[in-house]
Amino acid sequence: MTAGRSTPETPDDAPGAAAELDYAWSDPPTLKGWICTVDHKALGRRFIITALLFLFAGGVLGGLMRHQLAHPENKLLGPDAFNQVFSMHGTTMMFLFAVPVMQGVALYLVPLMVGTRNTAFPRMSSCAYWVYLTGGLTLFAGFACNTGADAGWFAYVPLAGPEYGFGKRPDFWNVLVNFTEAMGLMLAVDLSTTILKMRAPGMSLQRMPLFAWATLVSSIMIIFAMPTVMLGANLVQFDRMAGTHFFNAAEGGDPLLWQHMFWYFGHPEVYFIFVPALGFISAIIPTFARRPMFGHTAIVLSLITTGFLSFGLWVHHMYATNVPELGKSFFTAMSFMIAIPTAVQIFCWIATLWLGRTQLKSPLLFVTGFFVTLVIGGLTGVMLGSVPLDLQAHDTQFVVAHLHYVLIGGALFPLFAAIYYWFPKVYGRLLSETLAKWHFWLLFIGFNLTFFPLHVLGLAGMPRRVYTYTADTGWGTLQFVSWVGAMIDDVGMFVFIVNIAYALWRGRKAPNDPWGAGSLEWAASSPPAPYNFVRLPIVASREPLWSPPVDGPRQVIGLSTRHREGLVTTVLDALPDVRYGYPSPSIWPTAAALGVGFWLIWSIFSNKGMLIGLIPPSIAFIAWYWPDKKESQAELELEKRP
Amino acid sequence: MTQNNALDPAGPQAAAIGQLWWPTLWLCVFVFVALMAALAWGLWRSRGGSTATPATQSDERGERSARRVVGAAVTLSTLLLTGLLVASVSADRALASLPLADALAIRVTAHQWWWEVTYDDADPQRSFTTANELVIPVGRPVVVTLQADDVIHSFWIPNLHGKKDMIPGRVSRIELRADRAGTYVGRCAEYCGLEHAFMALDVLALPADGFDTWLARERSDAAEPVGDPARRGRELFMTGSCMLCHAIQGTSAAGRRAPDLTHFASRAHIGAGRVANTPQALAAWIEDPQKIKPGANMPAHLLAPADNAALVAYLETLR
């Protein structure tokens, strides 16, 4: 046991231990090794890169819309193409980008931040990635074959139902959104278990980093919210394929049921995109304000409150329907109330900046961009929470402006802040600060130019989701301004790509802790070794890397270095509980994901596929859970003698 | 001059919403400016940090004063939101309490992508249906019963009131009043498929006498065409496919799938606001509506030019 600073220092036997750990945790550098990996860092990177590619795809679709709307009576896209483009844009950004990218970042960071070797159920995360990739690519393959979703990302029935949904388009949406969302559930279970049960000894809930709190809250929200949209999409699919009448008013069903099911998920979804972003900000601000977070406990309570309240807002998407008026007032009150926990966090962050000594580096610059845009989006959100104001603004360009301020301000700016902040950890290279500043200013100016005018257009009577408009509406000028803004955004994103590419090619090598941050992930090497830490750390404070040394053990000893072994700790105090044998790499999670994908895609085209298609995934799942004799024996050995 | 703006109210409902809008906007501007000033000042006064490991014991005095400021800011936010909640609920109450004595009842049914507007009367002989135009008397409350025939649509005339969704299987209603004569634009606000962009409703608020004149004209049957091309046009209409979907009162055409054309020539637009109602536009529309409004449920009619002209001549007599 070594005393000293609470970073995991190099123990005497470190070279030997590191070599053994490396052997136990590395994946073979083959294609099979790449496919089978269960390393949370490899999977996290994979999620983030795939999600960023979907961001670019969704961005191109958004750009097409801006081109189409830049002039009245434009002929670039017809109504059919435009409707597919806007539906795919929304579906891509919400389902294939925003949720997976936040979970991907968490998958990468959480085990490092809480001081463990891997997530609790890494094979499930591996399966989740292949589900995500299969679902996302198939959705785009459908789009390429003129079978893209065309009923919006909200897919309201009856427009998406059996009578009015064209061809197989809504079927693709229902089945693949349902399938892809399984990815969100799997990661949420994996992340919340890791956070609750695998923290380093001593990291009691009081000492847990705010980012881990944010991930925990958003994961639990996902577990409660996702199933409603998955169930709803299945019911629509039953209506379409099996002739049920869940949403058919003529046979006693109700189209409004879908709206309840969709928004009961859809509103929390905004918050489980936004809450992880709050976690990024709470990780970044203390580092660049050079002091611990002011109001740590208040922020934790705000995150939890946000999680709860976000389930009581969904009807504010339905004020124009004829749900009872008294109920609408309740949802107005809830919509206003959720502004308070967000306000508490914003005040605490500003107070931290006041009290600290700030360094305005690129991550903090993006955080200021977050402040400006999110506050505007939040305030227009308060307006939309009011029933009378919403009746005018609902389903107009005003809402388009609002939601982009919330999602780009509340999620994309923090995501870029996070990328600039953690890139050195992930790739061991530093990004250029100059290019980062160019990226920021282009994106910030372009974004505001793109979306601010839409507030005005909405009040001037321009509905959403229109493929064109006549010249006499007078909407052309502001739409053109919006197009100019979108072009500036494109340049900003190009600068971002250049910055990443240059840093990967010949960026400066990053030290382990380039920003002088205080949380555990900065104690690992840059990039981290496959096993994260040679010895698992023992934590005695909230900012382990900033705390002066205290007496007592600083590192966990006695875990096997020849096997994938870790430690399970108790939920509240993170006391060592049991040793845990991590799962090894396996091809079966991938096979199971592809098998389920095969089954569901076949089920779109044939009822027979619904039954026979079940065979391949069943085989994969059985093989996945088949006990491995060698593994069991090794575990028995370890139980006797670590 | 057509009007289409939520912030230019022409009736008490839109005015009540406007009265809530402006104070809310200024309050939001105040909050935004205050927050940005606090952020900018905070970044400026505390600039110049270094990467060295910071001290973790907190400065008690700073923390204490920050706690006070943050506490005050949270309290103020809560009070402002509570005030806003009261204002919002009061505005909502105002919307629900429009005096409805002597109200005019109108039924609007939304179709993909046009509006069917019915003026019911106790005497069925006096009931009539028109399309894509809503004519209302100035100063008299109107209760509009809303229904949808196919998918979900939303009824929205920004100058008069907010939206009300039209959901298949549900009947909803909206109460409004125009206090200023004029032409306003209503638009479908719920995405309803291919031609959602062109589902407009011309709203005419007429003074009482003008409205009565309009009612009397609408209740009358279609005028008897005079002259050759128009008579030939009517024959084409009644013997061709037009009458399968369209109705013209006083003739044998009684189709219900498409707009009633009894007084078609008096309307401002063709195709629910798609193009102005001129003979040239009408000729082009009859020839191929898909070129003008792709997706519309009316098929192309490849008639001989003379027949097309005759049909146009007939429809132009339907004033």
# chains A, B, ... in the order shown; residues from 1 in each chain; ligands from 1
call {"tool": "residues_around", "arguments": {"residues": "His455 of chain A", "least_positions_apart": "3", "cutoff": "7 Å", "atoms": "only C-alpha atoms", "output": "list in words"}}
result
Gln397, Phe398, Ala401, Phe452, Gly458 and Leu459 of chain A
call {"tool": "closest_atom_pairs", "arguments": {"of": "segment 53-145 of chain B", "to": "segment 286-302 of chain B", "cutoff": "12 Å", "atoms": "only C-alpha atoms", "output": "CSV"}}
result
residue,atom,partner,partner_atom,distance
B:His111,CA,B:Asn297,CA,10.2
B:Gln112,CA,B:Ala296,CA,7.8
B:Trp113,CA,B:Ala296,CA,7.0
B:Trp114,CA,B:Ala296,CA,9.4
call {"tool": "residues_around", "arguments": {"residues": "segment 241-256 of chain B", "least_positions_apart": "4", "cutoff": "8 Å", "atoms": "only C-alpha atoms", "output": "ChimeraX atom specification"}}
result
/B:221-222,237,260-262
call {"tool": "select_by_dssp", "arguments": {"residues": "segment 404-600 of chain A", "states": "strand (DSSP E)", "output": "ChimeraX atom specification"}}
result
/A:565-569,576-581
call {"tool": "select_by_dssp", "arguments": {"residues": "segment 110-237 of chain A", "states": "alpha helix (DSSP H)", "output": "JSON, numbers by chain"}}
result
{"A": [110, 111, 112, 113, 114, 122, 123, 124, 125, 126, 127, 128, 129, 130, 131, 132, 133, 134, 135, 136, 137, 138, 139, 140, 141, 142, 143, 144, 169, 170, 171, 172, 173, 174, 175, 176, 177, 178, 179, 180, 181, 182, 183, 184, 185, 186, 187, 188, 189, 190, 191, 192, 193, 194, 195, 196, 197, 210, 211, 212, 213, 214, 215, 216, 217, 218, 219, 220, 221, 222, 223, 224, 225, 226, 227, 228, 229, 230, 231, 232, 233, 234, 235, 236, 237]}
call {"tool": "closest_residue", "arguments": {"among": "A:His40, A:Arg554, A:Arg123, A:Arg562", "to": "Ala19 of chain A", "atoms": "only C-alpha atoms"}}
result
A:Arg562
call {"tool": "atom_distance", "arguments": {"atom1": "atom CA of Gly161 of chain A", "atom2": "atom CA of Leu96 of chain A"}}
result
22.9 Å
call {"tool": "closest_residue", "arguments": {"among": "A:Tyr469, A:Trp354, A:Phe166, A:Phe451", "to": "Arg274 of chain B", "atoms": "only C-alpha atoms"}}
result
A:Tyr469
call {"tool": "residues_around", "arguments": {"residues": "segment 172-188 of chain B", "least_positions_apart": "6", "cutoff": "6 Å", "atoms": "only C-alpha atoms", "output": "number ranges by chain"}}
result
B: 2-4, 10-11, 138-139, 141-146, 154-157, 199-206
call {"tool": "write_last_selection", "arguments": {"atoms": "N, CA and C atoms", "output": "CSV table (one decimal), in the first residue's frame"}}
result
chain,number,residue,atom,x,y,z
B,2,THR,N,-54.3,41.0,-47.7
B,2,THR,CA,-54.6,39.9,-46.8
B,2,THR,C,-53.8,40.0,-45.5
B,3,GLN,N,-54.3,39.6,-44.4
B,3,GLN,CA,-53.6,39.7,-43.2
B,3,GLN,C,-53.4,38.3,-42.6
B,4,ASN,N,-52.2,38.1,-42.0
B,4,ASN,CA,-51.8,36.8,-41.5
B,4,ASN,C,-50.8,37.0,-40.5
B,10,ALA,N,-57.4,40.9,-34.7
B,10,ALA,CA,-58.6,41.5,-35.3
B,10,ALA,C,-59.8,41.1,-34.5
B,11,GLY,N,-59.6,40.5,-33.4
B,11,GLY,CA,-60.8,40.1,-32.6
B,11,GLY,C,-60.3,39.9,-31.1
B,138,VAL,N,-68.9,40.8,-39.0
B,138,VAL,CA,-68.1,41.5,-38.1
B,138,VAL,C,-68.9,41.8,-36.8
B,139,GLY,N,-68.2,41.6,-35.7
B,139,GLY,CA,-68.8,42.0,-34.4
B,139,GLY,C,-69.8,40.9,-33.8
B,141,PRO,N,-70.3,36.9,-32.5
B,141,PRO,CA,-69.5,35.8,-32.2
B,141,PRO,C,-69.8,34.6,-33.2
B,142,VAL,N,-68.8,33.8,-33.4
B,142,VAL,CA,-69.0,32.6,-34.3
B,142,VAL,C,-68.5,31.4,-33.5
B,143,VAL,N,-69.3,30.3,-33.6
B,143,VAL,CA,-68.9,29.1,-33.0
B,143,VAL,C,-68.7,28.1,-34.1
B,144,VAL,N,-67.4,27.7,-34.3
B,144,VAL,CA,-67.1,26.8,-35.4
B,144,VAL,C,-66.9,25.4,-34.9
B,145,THR,N,-67.7,24.5,-35.4
B,145,THR,CA,-67.6,23.1,-35.0
B,145,THR,C,-66.6,22.4,-36.0
B,146,LEU,N,-65.6,21.8,-35.4
B,146,LEU,CA,-64.5,21.3,-36.2
B,146,LEU,C,-64.4,19.8,-36.3
B,154,SER,N,-55.4,21.1,-38.4
B,154,SER,CA,-55.5,22.0,-37.3
B,154,SER,C,-56.0,23.4,-37.9
B,155,PHE,N,-57.0,23.9,-37.3
B,155,PHE,CA,-57.7,25.1,-37.7
B,155,PHE,C,-57.0,26.3,-37.1
B,156,TRP,N,-56.5,27.2,-37.9
B,156,TRP,CA,-55.7,28.4,-37.4
B,156,TRP,C,-55.9,29.6,-38.2
B,157,ILE,N,-56.5,30.6,-37.6
B,157,ILE,CA,-56.5,32.0,-38.2
B,157,ILE,C,-55.8,32.9,-37.3
B,199,MET,N,-52.9,24.4,-47.8
B,199,MET,CA,-54.2,24.1,-47.3
B,199,MET,C,-54.7,25.4,-46.5
B,200,ALA,N,-55.0,26.4,-47.3
B,200,ALA,CA,-55.3,27.7,-46.8
B,200,ALA,C,-56.8,28.0,-46.8
B,201,LEU,N,-57.2,28.8,-45.9
B,201,LEU,CA,-58.6,29.2,-45.8
B,201,LEU,C,-58.7,30.7,-45.9
B,202,ASP,N,-59.5,31.2,-46.9
B,202,ASP,CA,-59.7,32.6,-47.0
B,202,ASP,C,-60.8,33.0,-46.1
B,203,VAL,N,-60.4,33.9,-45.1
B,203,VAL,CA,-61.4,34.3,-44.1
B,203,VAL,C,-61.8,35.7,-44.4
B,204,LEU,N,-63.1,35.9,-44.7
B,204,LEU,CA,-63.6,37.3,-45.0
B,204,LEU,C,-64.5,37.7,-43.8
B,205,ALA,N,-64.2,38.8,-43.2
B,205,ALA,CA,-65.0,39.3,-42.1
B,205,ALA,C,-65.8,40.5,-42.8
B,206,LEU,N,-67.1,40.3,-42.9
B,206,LEU,CA,-68.0,41.3,-43.6
B,206,LEU,C,-68.9,42.1,-42.6
call {"tool": "residues_around", "arguments": {"residues": "Thr53 of chain B", "least_positions_apart": "6", "cutoff": "9 Å", "atoms": "only C-alpha atoms", "output": "CSV table (one decimal) with C-alpha atoms, in the first residue's frame"}}
result
chain,number,residue,atom,x,y,z
A,290,ARG,CA,-10.1,26.4,-11.1
A,516,GLY,CA,-5.3,20.3,-14.7
A,517,ALA,CA,-8.7,18.8,-14.0
A,518,GLY,CA,-9.7,17.1,-10.7
A,545,LEU,CA,-6.7,14.8,-8.3
A,546,TRP,CA,-6.9,18.2,-6.5
A,547,SER,CA,-7.1,16.8,-2.9
call {"tool": "interface_residues", "arguments": {"of": "chain A", "to": "chain B", "cutoff": "7 Å", "atoms": "only C-alpha atoms", "output": "PyMOL selection string"}}
result
chain A and resi 79-80+158-159+249-250+290-292+320-322+329+333+336+340+344+347-348+350-351+353-359+375+379+386-389+391-392+395+459-461+463+465-469+515-516+546-547
call {"tool": "atom_distance", "arguments": {"atom1": "atom CA of Leu104 of chain B", "atom2": "atom CA of Leu318 of chain B"}}
result
25.6 Å
call {"tool": "residues_around", "arguments": {"residues": "Ser432 of chain A", "least_positions_apart": "2", "cutoff": "9 Å", "atoms": "only C-alpha atoms", "output": "PyMOL selection string"}}
result
chain A and resi 430+434-437+499-500+502-503+507-508
call {"tool": "write_last_selection", "arguments": {"atoms": "C-alpha atoms", "output": "compact mmCIF listing (two decimals), in the first residue's frame"}}
result
# COMPACT_ATOMS: atom_id res chain seq x y z
CA LEU A 430 -4.40 18.12 -28.44
CA THR A 434 -7.25 28.61 -32.90
CA LEU A 435 -9.36 26.35 -35.10
CA ALA A 436 -11.63 25.72 -32.12
CA LYS A 437 -12.27 29.45 -31.83
CA ASN A 499 -9.36 20.40 -36.57
CA ILE A 500 -10.08 16.76 -35.71
CA TYR A 502 -5.24 17.55 -38.22
CA ALA A 503 -5.00 16.60 -34.54
CA GLY A 507 -1.54 16.99 -33.24
CA ARG A 508 0.66 17.67 -30.22
call {"tool": "residues_around", "arguments": {"residues": "Leu536 of chain A", "least_positions_apart": "6", "cutoff": "12 Å", "atoms": "only C-alpha atoms", "output": "number ranges by chain"}}
result
A: 6-11, 111-118, 198-203, 520-521, 523-524, 553-561, 565-568, 576
